[in-house]
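What follows is the content of coords21.txt (compact mmCIF, N, CA and C atoms).
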# COMPACT_ATOMS: atom_id res chain seq x y z
N MET A 151 3.37 6.83 75.46
CA MET A 151 3.80 5.90 74.44
C MET A 151 5.21 5.39 74.76
N LYS A 152 5.46 4.18 74.46
CA LYS A 152 6.74 3.56 74.74
C LYS A 152 7.80 4.12 73.77
N GLU A 153 9.07 4.07 74.18
CA GLU A 153 10.14 4.65 73.36
C GLU A 153 10.42 3.88 72.09
N GLN A 154 10.40 2.55 72.15
CA GLN A 154 10.79 1.76 70.99
C GLN A 154 9.76 0.66 70.74
N THR A 155 9.26 0.62 69.52
CA THR A 155 8.31 -0.41 69.14
C THR A 155 9.05 -1.51 68.41
N LYS A 156 8.74 -2.75 68.76
CA LYS A 156 9.36 -3.89 68.10
C LYS A 156 8.31 -4.69 67.37
N LYS A 157 8.72 -5.21 66.22
CA LYS A 157 7.88 -6.12 65.46
C LYS A 157 8.72 -7.37 65.25
N VAL A 158 8.24 -8.48 65.78
CA VAL A 158 8.97 -9.74 65.70
C VAL A 158 8.14 -10.71 64.87
N GLN A 159 8.81 -11.42 63.95
CA GLN A 159 8.12 -12.41 63.12
C GLN A 159 8.85 -13.74 63.22
N TYR A 160 8.08 -14.83 63.34
CA TYR A 160 8.69 -16.16 63.41
C TYR A 160 7.67 -17.23 63.05
N PHE A 161 8.15 -18.46 62.87
CA PHE A 161 7.32 -19.62 62.58
C PHE A 161 7.26 -20.51 63.82
N LEU A 162 6.12 -21.12 64.07
CA LEU A 162 6.00 -22.09 65.15
C LEU A 162 5.71 -23.50 64.62
N GLY A 163 5.64 -23.62 63.31
CA GLY A 163 5.39 -24.92 62.71
C GLY A 163 6.07 -24.99 61.36
N ALA A 164 6.35 -26.21 60.94
CA ALA A 164 6.98 -26.41 59.63
C ALA A 164 6.77 -27.85 59.17
N ASN A 165 6.79 -28.02 57.86
CA ASN A 165 6.74 -29.37 57.30
C ASN A 165 8.16 -29.92 57.28
N SER A 166 8.28 -31.18 57.67
CA SER A 166 9.59 -31.82 57.69
C SER A 166 9.48 -33.19 57.02
N ALA A 167 10.59 -33.87 56.90
CA ALA A 167 10.60 -35.22 56.33
C ALA A 167 9.75 -36.17 57.17
N ASP A 168 9.58 -35.85 58.45
CA ASP A 168 8.78 -36.68 59.35
C ASP A 168 7.35 -36.17 59.51
N GLY A 169 6.94 -35.20 58.71
CA GLY A 169 5.60 -34.64 58.82
C GLY A 169 5.63 -33.25 59.44
N PHE A 170 4.47 -32.76 59.81
CA PHE A 170 4.35 -31.42 60.36
C PHE A 170 4.92 -31.38 61.78
N VAL A 171 5.79 -30.42 62.03
CA VAL A 171 6.39 -30.22 63.35
C VAL A 171 5.78 -28.95 63.94
N SER A 172 5.27 -29.06 65.15
CA SER A 172 4.56 -27.94 65.76
C SER A 172 5.13 -27.58 67.12
N PHE A 173 5.24 -26.28 67.33
CA PHE A 173 5.63 -25.74 68.63
C PHE A 173 4.56 -24.77 69.15
N TYR A 174 3.34 -24.94 68.64
CA TYR A 174 2.25 -24.04 69.02
C TYR A 174 1.93 -24.12 70.50
N ASP A 175 2.20 -25.25 71.11
CA ASP A 175 1.93 -25.39 72.55
C ASP A 175 2.85 -24.51 73.39
N GLN A 176 3.89 -23.95 72.76
CA GLN A 176 4.84 -23.09 73.48
C GLN A 176 4.60 -21.60 73.20
N LEU A 177 3.51 -21.28 72.53
CA LEU A 177 3.21 -19.90 72.15
C LEU A 177 3.10 -18.97 73.36
N ILE A 178 2.33 -19.39 74.35
CA ILE A 178 2.11 -18.55 75.53
C ILE A 178 1.78 -19.46 76.71
N ASN A 179 2.21 -19.05 77.87
CA ASN A 179 1.89 -19.80 79.08
C ASN A 179 0.45 -19.45 79.48
N GLU A 180 -0.45 -20.40 79.29
CA GLU A 180 -1.87 -20.13 79.53
C GLU A 180 -2.18 -19.74 80.97
N GLU A 181 -1.43 -20.28 81.91
CA GLU A 181 -1.68 -19.96 83.31
C GLU A 181 -1.35 -18.50 83.62
N GLU A 182 -0.41 -17.92 82.87
CA GLU A 182 -0.02 -16.53 83.09
C GLU A 182 -0.69 -15.57 82.12
N ALA A 183 -1.35 -16.10 81.07
CA ALA A 183 -1.95 -15.26 80.04
C ALA A 183 -3.16 -14.50 80.60
N ARG A 184 -3.24 -13.24 80.22
CA ARG A 184 -4.40 -12.43 80.59
C ARG A 184 -5.58 -12.77 79.67
N ALA A 185 -5.26 -13.06 78.41
CA ALA A 185 -6.29 -13.43 77.44
C ALA A 185 -5.66 -14.30 76.36
N PHE A 186 -6.41 -15.31 75.93
CA PHE A 186 -5.95 -16.23 74.89
C PHE A 186 -7.14 -16.51 73.99
N TYR A 187 -7.15 -15.88 72.81
CA TYR A 187 -8.29 -15.99 71.90
C TYR A 187 -7.94 -16.92 70.75
N ILE A 188 -8.85 -17.85 70.45
CA ILE A 188 -8.67 -18.81 69.36
C ILE A 188 -9.74 -18.50 68.32
N LEU A 189 -9.29 -18.10 67.12
CA LEU A 189 -10.21 -17.77 66.03
C LEU A 189 -10.38 -19.01 65.16
N LYS A 190 -11.61 -19.33 64.86
CA LYS A 190 -11.89 -20.46 63.98
C LYS A 190 -12.81 -19.99 62.87
N GLY A 191 -12.55 -20.49 61.67
CA GLY A 191 -13.36 -20.13 60.53
C GLY A 191 -12.70 -20.62 59.26
N GLY A 192 -13.44 -20.64 58.19
CA GLY A 192 -12.95 -21.13 56.91
C GLY A 192 -11.93 -20.20 56.28
N PRO A 193 -11.26 -20.70 55.23
CA PRO A 193 -10.29 -19.88 54.51
C PRO A 193 -10.93 -18.61 53.97
N GLY A 194 -10.24 -17.49 54.14
CA GLY A 194 -10.72 -16.23 53.60
C GLY A 194 -11.77 -15.52 54.42
N CYS A 195 -12.06 -16.00 55.63
CA CYS A 195 -13.11 -15.35 56.43
C CYS A 195 -12.59 -14.15 57.21
N GLY A 196 -11.25 -13.96 57.25
CA GLY A 196 -10.70 -12.76 57.88
C GLY A 196 -9.90 -12.96 59.15
N LYS A 197 -9.53 -14.20 59.46
CA LYS A 197 -8.76 -14.44 60.69
C LYS A 197 -7.42 -13.70 60.65
N SER A 198 -6.67 -13.87 59.57
CA SER A 198 -5.36 -13.20 59.46
C SER A 198 -5.52 -11.69 59.39
N THR A 199 -6.51 -11.24 58.65
CA THR A 199 -6.74 -9.80 58.52
C THR A 199 -7.04 -9.17 59.88
N LEU A 200 -7.87 -9.83 60.66
CA LEU A 200 -8.18 -9.33 61.99
C LEU A 200 -6.93 -9.27 62.86
N MET A 201 -6.13 -10.34 62.84
CA MET A 201 -4.90 -10.35 63.65
C MET A 201 -3.92 -9.27 63.19
N LYS A 202 -3.80 -9.08 61.87
CA LYS A 202 -2.91 -8.03 61.35
C LYS A 202 -3.36 -6.65 61.82
N LYS A 203 -4.68 -6.40 61.80
CA LYS A 203 -5.19 -5.09 62.22
C LYS A 203 -4.99 -4.87 63.72
N VAL A 204 -5.23 -5.89 64.51
CA VAL A 204 -5.00 -5.76 65.96
C VAL A 204 -3.51 -5.52 66.22
N GLY A 205 -2.64 -6.30 65.54
CA GLY A 205 -1.20 -6.13 65.71
C GLY A 205 -0.73 -4.74 65.33
N ALA A 206 -1.20 -4.24 64.19
CA ALA A 206 -0.81 -2.90 63.74
C ALA A 206 -1.27 -1.83 64.73
N HIS A 207 -2.48 -1.99 65.25
CA HIS A 207 -2.99 -1.02 66.22
C HIS A 207 -2.16 -1.04 67.50
N MET A 208 -1.82 -2.23 67.98
CA MET A 208 -1.02 -2.32 69.20
C MET A 208 0.39 -1.76 68.97
N GLU A 209 0.95 -1.95 67.77
CA GLU A 209 2.25 -1.35 67.45
C GLU A 209 2.14 0.18 67.50
N GLN A 210 1.06 0.73 66.96
CA GLN A 210 0.85 2.19 66.98
C GLN A 210 0.77 2.71 68.41
N LEU A 211 0.26 1.87 69.31
CA LEU A 211 0.19 2.26 70.72
C LEU A 211 1.53 2.09 71.43
N GLY A 212 2.52 1.54 70.72
CA GLY A 212 3.85 1.41 71.28
C GLY A 212 4.21 0.05 71.84
N PHE A 213 3.38 -0.94 71.63
CA PHE A 213 3.64 -2.27 72.17
C PHE A 213 4.42 -3.13 71.18
N CYS A 214 5.22 -4.03 71.72
CA CYS A 214 5.90 -5.04 70.91
C CYS A 214 4.84 -6.07 70.51
N VAL A 215 4.84 -6.45 69.25
CA VAL A 215 3.90 -7.46 68.76
C VAL A 215 4.70 -8.56 68.07
N GLU A 216 4.44 -9.79 68.47
CA GLU A 216 5.06 -10.96 67.84
C GLU A 216 4.06 -11.54 66.85
N TYR A 217 4.51 -11.67 65.59
CA TYR A 217 3.66 -12.22 64.53
C TYR A 217 4.13 -13.63 64.22
N VAL A 218 3.23 -14.60 64.37
CA VAL A 218 3.54 -15.99 64.07
C VAL A 218 3.07 -16.25 62.64
N LEU A 219 4.04 -16.46 61.75
CA LEU A 219 3.74 -16.63 60.33
C LEU A 219 3.32 -18.06 60.01
N CYS A 220 2.46 -18.19 59.03
CA CYS A 220 2.01 -19.50 58.57
C CYS A 220 3.11 -20.11 57.70
N SER A 221 3.53 -21.33 58.01
CA SER A 221 4.62 -21.96 57.24
C SER A 221 4.19 -22.29 55.82
N ALA A 222 2.90 -22.49 55.57
CA ALA A 222 2.42 -22.79 54.23
C ALA A 222 2.24 -21.52 53.40
N ASP A 223 1.99 -20.40 54.07
CA ASP A 223 1.76 -19.12 53.39
C ASP A 223 2.21 -17.99 54.31
N PRO A 224 3.48 -17.56 54.19
CA PRO A 224 4.01 -16.53 55.10
C PRO A 224 3.28 -15.18 55.04
N GLN A 225 2.41 -14.98 54.04
CA GLN A 225 1.60 -13.76 53.99
C GLN A 225 0.42 -13.87 54.95
N SER A 226 0.16 -15.08 55.42
CA SER A 226 -0.95 -15.34 56.34
C SER A 226 -0.39 -15.51 57.75
N LEU A 227 -1.20 -15.20 58.73
CA LEU A 227 -0.75 -15.31 60.12
C LEU A 227 -1.38 -16.51 60.81
N ASP A 228 -0.61 -17.15 61.66
CA ASP A 228 -1.13 -18.20 62.53
C ASP A 228 -1.46 -17.63 63.90
N GLY A 229 -0.91 -16.46 64.21
CA GLY A 229 -1.21 -15.85 65.49
C GLY A 229 -0.42 -14.59 65.74
N ILE A 230 -0.81 -13.89 66.79
CA ILE A 230 -0.03 -12.76 67.29
C ILE A 230 0.03 -12.87 68.81
N VAL A 231 1.10 -12.34 69.36
CA VAL A 231 1.27 -12.28 70.81
C VAL A 231 1.67 -10.86 71.16
N ILE A 232 1.05 -10.33 72.20
CA ILE A 232 1.42 -9.02 72.73
C ILE A 232 1.98 -9.31 74.13
N PRO A 233 3.30 -9.54 74.22
CA PRO A 233 3.90 -10.00 75.48
C PRO A 233 3.62 -9.10 76.68
N GLU A 234 3.72 -7.79 76.51
CA GLU A 234 3.51 -6.88 77.64
C GLU A 234 2.11 -6.98 78.23
N LYS A 235 1.15 -7.29 77.38
CA LYS A 235 -0.24 -7.43 77.81
C LYS A 235 -0.60 -8.87 78.16
N LYS A 236 0.33 -9.80 77.85
CA LYS A 236 0.09 -11.24 78.09
C LYS A 236 -1.16 -11.71 77.36
N ILE A 237 -1.24 -11.32 76.08
CA ILE A 237 -2.39 -11.65 75.24
C ILE A 237 -1.91 -12.37 73.99
N ALA A 238 -2.63 -13.42 73.60
CA ALA A 238 -2.36 -14.12 72.34
C ALA A 238 -3.68 -14.28 71.59
N ILE A 239 -3.59 -14.13 70.27
CA ILE A 239 -4.73 -14.37 69.39
C ILE A 239 -4.21 -15.32 68.31
N VAL A 240 -4.85 -16.46 68.14
CA VAL A 240 -4.35 -17.46 67.21
C VAL A 240 -5.43 -17.99 66.29
N ASP A 241 -4.98 -18.51 65.16
CA ASP A 241 -5.83 -19.24 64.23
C ASP A 241 -5.93 -20.66 64.77
N GLY A 242 -7.11 -21.09 65.12
CA GLY A 242 -7.29 -22.41 65.72
C GLY A 242 -7.71 -23.49 64.74
N THR A 243 -7.54 -23.24 63.43
CA THR A 243 -7.93 -24.24 62.43
C THR A 243 -6.73 -25.11 62.05
N ALA A 244 -7.00 -26.23 61.39
CA ALA A 244 -5.94 -27.16 60.98
C ALA A 244 -4.89 -26.43 60.15
N PRO A 245 -3.62 -26.80 60.24
CA PRO A 245 -3.08 -27.97 60.94
C PRO A 245 -2.72 -27.69 62.40
N HIS A 246 -3.01 -26.49 62.88
CA HIS A 246 -2.63 -26.13 64.25
C HIS A 246 -3.86 -25.97 65.12
N GLU A 247 -4.77 -26.91 64.99
CA GLU A 247 -5.99 -26.87 65.80
C GLU A 247 -5.61 -26.84 67.27
N MET A 248 -6.31 -26.03 68.01
CA MET A 248 -6.01 -25.95 69.44
C MET A 248 -7.21 -25.52 70.23
N GLY A 249 -7.18 -25.91 71.47
CA GLY A 249 -8.12 -25.44 72.46
C GLY A 249 -7.25 -24.92 73.57
N THR A 250 -7.84 -24.49 74.64
CA THR A 250 -7.02 -24.04 75.75
C THR A 250 -7.10 -25.06 76.87
N LYS A 251 -6.09 -25.08 77.69
CA LYS A 251 -6.08 -25.97 78.85
C LYS A 251 -7.16 -25.57 79.84
N THR A 252 -7.49 -24.28 79.85
CA THR A 252 -8.45 -23.75 80.81
C THR A 252 -9.86 -23.65 80.24
N GLN A 253 -10.04 -24.05 78.98
CA GLN A 253 -11.34 -23.96 78.33
C GLN A 253 -12.35 -24.87 79.03
N THR A 254 -13.54 -24.35 79.23
CA THR A 254 -14.57 -25.15 79.88
C THR A 254 -15.62 -25.56 78.86
N LYS A 255 -16.25 -26.67 79.08
CA LYS A 255 -17.28 -27.14 78.16
C LYS A 255 -18.52 -26.27 78.23
N SER A 256 -18.69 -25.52 79.31
CA SER A 256 -19.89 -24.69 79.45
C SER A 256 -19.80 -23.42 78.61
N SER A 257 -18.62 -23.07 78.10
CA SER A 257 -18.48 -21.88 77.27
C SER A 257 -19.03 -22.17 75.87
N SER A 258 -20.05 -21.45 75.48
CA SER A 258 -20.60 -21.64 74.14
C SER A 258 -19.81 -20.79 73.16
N GLU A 259 -19.94 -21.12 71.87
CA GLU A 259 -19.27 -20.32 70.84
C GLU A 259 -19.81 -18.90 70.87
N TYR A 260 -21.11 -18.75 71.15
CA TYR A 260 -21.70 -17.41 71.21
C TYR A 260 -21.07 -16.59 72.33
N GLU A 261 -20.92 -17.18 73.53
CA GLU A 261 -20.31 -16.47 74.65
C GLU A 261 -18.88 -16.07 74.31
N CYS A 262 -18.14 -16.98 73.68
CA CYS A 262 -16.76 -16.67 73.29
C CYS A 262 -16.73 -15.54 72.28
N SER A 263 -17.65 -15.57 71.32
CA SER A 263 -17.70 -14.51 70.31
C SER A 263 -17.97 -13.16 70.94
N VAL A 264 -18.89 -13.12 71.89
CA VAL A 264 -19.21 -11.86 72.58
C VAL A 264 -17.99 -11.36 73.33
N ARG A 265 -17.26 -12.24 74.02
CA ARG A 265 -16.07 -11.82 74.75
C ARG A 265 -15.01 -11.26 73.79
N VAL A 266 -14.84 -11.90 72.64
CA VAL A 266 -13.85 -11.44 71.66
C VAL A 266 -14.24 -10.06 71.14
N VAL A 267 -15.51 -9.86 70.80
CA VAL A 267 -15.97 -8.56 70.31
C VAL A 267 -15.75 -7.48 71.35
N LEU A 268 -16.08 -7.76 72.60
CA LEU A 268 -15.87 -6.77 73.67
C LEU A 268 -14.40 -6.46 73.85
N PHE A 269 -13.53 -7.48 73.75
CA PHE A 269 -12.09 -7.28 73.87
C PHE A 269 -11.59 -6.35 72.77
N PHE A 270 -12.00 -6.61 71.52
CA PHE A 270 -11.53 -5.80 70.41
C PHE A 270 -12.08 -4.37 70.49
N ARG A 271 -13.27 -4.21 71.01
CA ARG A 271 -13.80 -2.86 71.21
C ARG A 271 -12.92 -2.10 72.19
N ARG A 272 -12.50 -2.77 73.27
CA ARG A 272 -11.62 -2.11 74.26
C ARG A 272 -10.30 -1.71 73.60
N ILE A 273 -9.73 -2.58 72.80
CA ILE A 273 -8.44 -2.28 72.15
C ILE A 273 -8.58 -1.08 71.23
N PHE A 274 -9.60 -1.06 70.39
CA PHE A 274 -9.72 0.00 69.39
C PHE A 274 -10.27 1.29 69.94
N VAL A 275 -10.77 1.30 71.16
CA VAL A 275 -11.26 2.52 71.78
C VAL A 275 -10.14 3.22 72.55
N LEU A 276 -9.08 2.49 72.91
CA LEU A 276 -7.97 3.08 73.69
C LEU A 276 -7.49 4.39 73.14

Please express what this file holds, its structure, as structure tokens.
Amino acid sequence: MKEQTKKVQYFLGANSADGFVSFYDQLINEEEARAFYILKGGPGCGKSTLMKKVGAHMEQLGFCVEYVLCSADPQSLDGIVIPEKKIAIVDGTAPHEMGTKTQTKSSSEYECSVRVVLFFRRIFVL
């Protein structure tokens, strides 16, 4: 286990006089990322809850976790980053809709869901 666990919280978007300002494209370098998961689903389906649970588990394992807070509701998460593992998990719904630069059209939602489930099984089995 690592000696010191850090929990970092910040915003990557905000409403301004000129409209919504976003820095979500600077969340993680996709070319260097080991994994970049985009969660999509309606309000209340569990995106933030899932990210909070993964973040808490990784903190227990001794990793630094960055929590990206939602500017409209700071109790909700827009994403988490685990820098040491080069992993990001984000809410991909509006207003911060996103895809990945490396995303291929041949990847179905089912294939992506299976990969996410397998990833989370690996994390929680550690």

Given all atoms listed in the file as the counted atoms, nearest of A:Ala238, A:Asn179, A:Lys203, A:Ile230 to A:Val218: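 So, comparing all the options, the nearest one is A:Ile230.
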
Around all the atoms of stretch 156-161 of chain A listed in the file, with 6 Å of room on each side, what axis-aligned box do you get, giving centre and edge lengths in Å to one decimal, as lines of an AutoDock Vina configuration file?
center_x = 8.3
center_y = -11.6
center_z = 65.7
size_x = 14.1
size_y = 29.8
size_z = 18.2

If we count only C-alpha atoms and set the cut-off at 12 Å, which residues sit around A:Ala222, ignoring sequence neighbours fewer than 6 positions away in its own chain? Please answer as a PyMOL selection string. chain A and resi 161-165+170+228+244-246

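Shortest atom-to-atom contact with A:Met208 among A:Cys220, A:Leu189, A:Ile237, A:Cys195: A:Ile237, counting only C-alpha atoms.
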
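Of the residues listed (A:Gly196, A:Tyr160, A:Glu182, A:Asp168), A:Glu182 shows the shortest atom-to-atom separation from A:Lys236; distances use all atoms listed in the file.
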
Between atom C of A:Leu219 and atom C of A:Gln159, what is the distance, to one decimal in Å? 7.7 Å

Please return, as an mmCIF file with N, CA and C atoms, in the frame of the given file, all residues of stretch 161-230 of chain A that DSSP assigns to strand (DSSP E or B) on the basis of the backbone.
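Written output follows (out09.cif):
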data_model
loop_
_atom_site.group_PDB
_atom_site.id
_atom_site.type_symbol
_atom_site.label_atom_id
_atom_site.label_comp_id
_atom_site.auth_asym_id
_atom_site.auth_seq_id
_atom_site.Cartn_x
_atom_site.Cartn_y
_atom_site.Cartn_z
ATOM 1 N N PHE A 161 8.150 -18.460 62.870
ATOM 2 C CA PHE A 161 7.320 -19.620 62.580
ATOM 3 C C PHE A 161 7.260 -20.510 63.820
ATOM 4 N N GLY A 163 5.640 -23.620 63.310
ATOM 5 C CA GLY A 163 5.390 -24.920 62.710
ATOM 6 C C GLY A 163 6.070 -24.990 61.360
ATOM 7 N N ALA A 164 6.350 -26.210 60.940
ATOM 8 C CA ALA A 164 6.980 -26.410 59.630
ATOM 9 C C ALA A 164 6.770 -27.850 59.170
ATOM 10 N N ASN A 165 6.790 -28.020 57.860
ATOM 11 C CA ASN A 165 6.740 -29.370 57.300
ATOM 12 C C ASN A 165 8.160 -29.920 57.280
ATOM 13 N N SER A 166 8.280 -31.180 57.670
ATOM 14 C CA SER A 166 9.590 -31.820 57.690
ATOM 15 C C SER A 166 9.480 -33.190 57.020
ATOM 16 N N GLY A 169 6.940 -35.200 58.710
ATOM 17 C CA GLY A 169 5.600 -34.640 58.820
ATOM 18 C C GLY A 169 5.630 -33.250 59.440
ATOM 19 N N PHE A 170 4.470 -32.760 59.810
ATOM 20 C CA PHE A 170 4.350 -31.420 60.360
ATOM 21 C C PHE A 170 4.920 -31.380 61.780
ATOM 22 N N VAL A 171 5.790 -30.420 62.030
ATOM 23 C CA VAL A 171 6.390 -30.220 63.350
ATOM 24 C C VAL A 171 5.780 -28.950 63.940
ATOM 25 N N SER A 172 5.270 -29.060 65.150
ATOM 26 C CA SER A 172 4.560 -27.940 65.760
ATOM 27 C C SER A 172 5.130 -27.580 67.120
ATOM 28 N N ALA A 185 -5.260 -13.060 78.410
ATOM 29 C CA ALA A 185 -6.290 -13.430 77.440
ATOM 30 C C ALA A 185 -5.660 -14.300 76.360
ATOM 31 N N PHE A 186 -6.410 -15.310 75.930
ATOM 32 C CA PHE A 186 -5.950 -16.230 74.890
ATOM 33 C C PHE A 186 -7.140 -16.510 73.990
ATOM 34 N N TYR A 187 -7.150 -15.880 72.810
ATOM 35 C CA TYR A 187 -8.290 -15.990 71.900
ATOM 36 C C TYR A 187 -7.940 -16.920 70.750
ATOM 37 N N ILE A 188 -8.850 -17.850 70.450
ATOM 38 C CA ILE A 188 -8.670 -18.810 69.360
ATOM 39 C C ILE A 188 -9.740 -18.500 68.320
ATOM 40 N N LEU A 189 -9.290 -18.100 67.120
ATOM 41 C CA LEU A 189 -10.210 -17.770 66.030
ATOM 42 C C LEU A 189 -10.380 -19.010 65.160
ATOM 43 N N VAL A 215 4.840 -6.450 69.250
ATOM 44 C CA VAL A 215 3.900 -7.460 68.760
ATOM 45 C C VAL A 215 4.700 -8.560 68.070
ATOM 46 N N GLU A 216 4.440 -9.790 68.470
ATOM 47 C CA GLU A 216 5.060 -10.960 67.840
ATOM 48 C C GLU A 216 4.060 -11.540 66.850
ATOM 49 N N TYR A 217 4.510 -11.670 65.590
ATOM 50 C CA TYR A 217 3.660 -12.220 64.530
ATOM 51 C C TYR A 217 4.130 -13.630 64.220
ATOM 52 N N VAL A 218 3.230 -14.600 64.370
ATOM 53 C CA VAL A 218 3.540 -15.990 64.070
ATOM 54 C C VAL A 218 3.070 -16.250 62.640
ATOM 55 N N LEU A 219 4.040 -16.460 61.750
ATOM 56 C CA LEU A 219 3.740 -16.630 60.330
ATOM 57 C C LEU A 219 3.320 -18.060 60.010
ATOM 58 N N LEU A 227 -1.200 -15.200 58.730
ATOM 59 C CA LEU A 227 -0.750 -15.310 60.120
ATOM 60 C C LEU A 227 -1.380 -16.510 60.810
ATOM 61 N N ASP A 228 -0.610 -17.150 61.660
ATOM 62 C CA ASP A 228 -1.130 -18.200 62.530
ATOM 63 C C ASP A 228 -1.460 -17.630 63.900
ATOM 64 N N GLY A 229 -0.910 -16.460 64.210
ATOM 65 C CA GLY A 229 -1.210 -15.850 65.490
ATOM 66 C C GLY A 229 -0.420 -14.590 65.740
ATOM 67 N N ILE A 230 -0.810 -13.890 66.790
ATOM 68 C CA ILE A 230 -0.030 -12.760 67.290
ATOM 69 C C ILE A 230 0.030 -12.870 68.810
#

Give me, as an MDAnalysis selection string, all polymer residues having an atom no more than 10 Å from A:Glu180, counting only C-alpha atoms and skipping those fewer than 2 positions away in the same chain. chainID A and resid 175:178 182:186 236:238 250:252

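For the pair atom C of A:Gly192 and atom CA of A:Asp241, the separation is 10.1 Å.
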
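Put simply, atom CA of A:Ile232 is 4.9 Å away from atom CA of A:Val215.
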
Just checking: using only N, CA and C atoms, which residue out of A:Ala206, A:Met201, A:Cys214, A:Thr243 ends up closest to A:Lys156? A:Cys214

Taking the backbone alone, and naming residues the way the document does, which bits of stretch 154-249 of chain A are alpha helix (DSSP H) by DSSP, as a list in words?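 Across stretch 154-249 of chain A, those assigned alpha helix (DSSP H) are Lys197, Ser198, Thr199, Leu200, Met201, Lys202, Lys203, Val204, Gly205, Ala206, His207, Met208, Glu209 and Gln210 of chain A.
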
Please produce a file of the residues just selected, as a CSV table (one decimal), keeping the file's coordinate frame, where the atoms kept are N, CA and C atoms.
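This went into part-v8.csv:
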chain,number,residue,atom,x,y,z
A,197,LYS,N,-9.5,-14.2,59.5
A,197,LYS,CA,-8.8,-14.4,60.7
A,197,LYS,C,-7.4,-13.7,60.6
A,198,SER,N,-6.7,-13.9,59.6
A,198,SER,CA,-5.4,-13.2,59.5
A,198,SER,C,-5.5,-11.7,59.4
A,199,THR,N,-6.5,-11.2,58.6
A,199,THR,CA,-6.7,-9.8,58.5
A,199,THR,C,-7.0,-9.2,59.9
A,200,LEU,N,-7.9,-9.8,60.7
A,200,LEU,CA,-8.2,-9.3,62.0
A,200,LEU,C,-6.9,-9.3,62.9
A,201,MET,N,-6.1,-10.3,62.8
A,201,MET,CA,-4.9,-10.4,63.6
A,201,MET,C,-3.9,-9.3,63.2
A,202,LYS,N,-3.8,-9.1,61.9
A,202,LYS,CA,-2.9,-8.0,61.4
A,202,LYS,C,-3.4,-6.6,61.8
A,203,LYS,N,-4.7,-6.4,61.8
A,203,LYS,CA,-5.2,-5.1,62.2
A,203,LYS,C,-5.0,-4.9,63.7
A,204,VAL,N,-5.2,-5.9,64.5
A,204,VAL,CA,-5.0,-5.8,66.0
A,204,VAL,C,-3.5,-5.5,66.2
A,205,GLY,N,-2.6,-6.3,65.5
A,205,GLY,CA,-1.2,-6.1,65.7
A,205,GLY,C,-0.7,-4.7,65.3
A,206,ALA,N,-1.2,-4.2,64.2
A,206,ALA,CA,-0.8,-2.9,63.7
A,206,ALA,C,-1.3,-1.8,64.7
A,207,HIS,N,-2.5,-2.0,65.2
A,207,HIS,CA,-3.0,-1.0,66.2
A,207,HIS,C,-2.2,-1.0,67.5
A,208,MET,N,-1.8,-2.2,68.0
A,208,MET,CA,-1.0,-2.3,69.2
A,208,MET,C,0.4,-1.8,69.0
A,209,GLU,N,1.0,-2.0,67.8
A,209,GLU,CA,2.2,-1.4,67.4
A,209,GLU,C,2.1,0.2,67.5
A,210,GLN,N,1.1,0.7,67.0
A,210,GLN,CA,0.8,2.2,67.0
A,210,GLN,C,0.8,2.7,68.4

What does stretch 220-231 of chain A look like written to a file with N, CA and C atoms, as a CSV table (one decimal), in the first residue's frame?
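So part-v7.csv came out as:
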chain,number,residue,atom,x,y,z
A,220,CYS,N,-19.5,18.0,-10.8
A,220,CYS,CA,-20.4,18.6,-11.7
A,220,CYS,C,-20.7,20.1,-11.3
A,221,SER,N,-20.5,21.0,-12.2
A,221,SER,CA,-20.7,22.4,-11.8
A,221,SER,C,-22.2,22.8,-11.5
A,222,ALA,N,-23.1,22.0,-12.0
A,222,ALA,CA,-24.5,22.2,-11.7
A,222,ALA,C,-25.0,21.6,-10.4
A,223,ASP,N,-24.3,20.5,-10.0
A,223,ASP,CA,-24.6,19.8,-8.8
A,223,ASP,C,-23.3,19.2,-8.2
A,224,PRO,N,-22.6,19.9,-7.3
A,224,PRO,CA,-21.3,19.4,-6.8
A,224,PRO,C,-21.4,18.1,-6.1
A,225,GLN,N,-22.6,17.6,-5.7
A,225,GLN,CA,-22.8,16.3,-5.1
A,225,GLN,C,-22.7,15.2,-6.1
A,226,SER,N,-22.7,15.6,-7.4
A,226,SER,CA,-22.7,14.6,-8.5
A,226,SER,C,-21.3,14.7,-9.2
A,227,LEU,N,-20.9,13.6,-9.8
A,227,LEU,CA,-19.6,13.6,-10.4
A,227,LEU,C,-19.7,13.6,-11.9
A,228,ASP,N,-18.7,14.3,-12.5
A,228,ASP,CA,-18.6,14.3,-14.0
A,228,ASP,C,-17.6,13.3,-14.4
A,229,GLY,N,-16.7,12.9,-13.5
A,229,GLY,CA,-15.7,11.9,-13.8
A,229,GLY,C,-14.7,11.7,-12.6
A,230,ILE,N,-13.9,10.7,-12.8
A,230,ILE,CA,-12.8,10.4,-11.9
A,230,ILE,C,-11.6,10.1,-12.8
A,231,VAL,N,-10.4,10.4,-12.2
A,231,VAL,CA,-9.1,10.0,-12.9
A,231,VAL,C,-8.3,9.4,-11.8
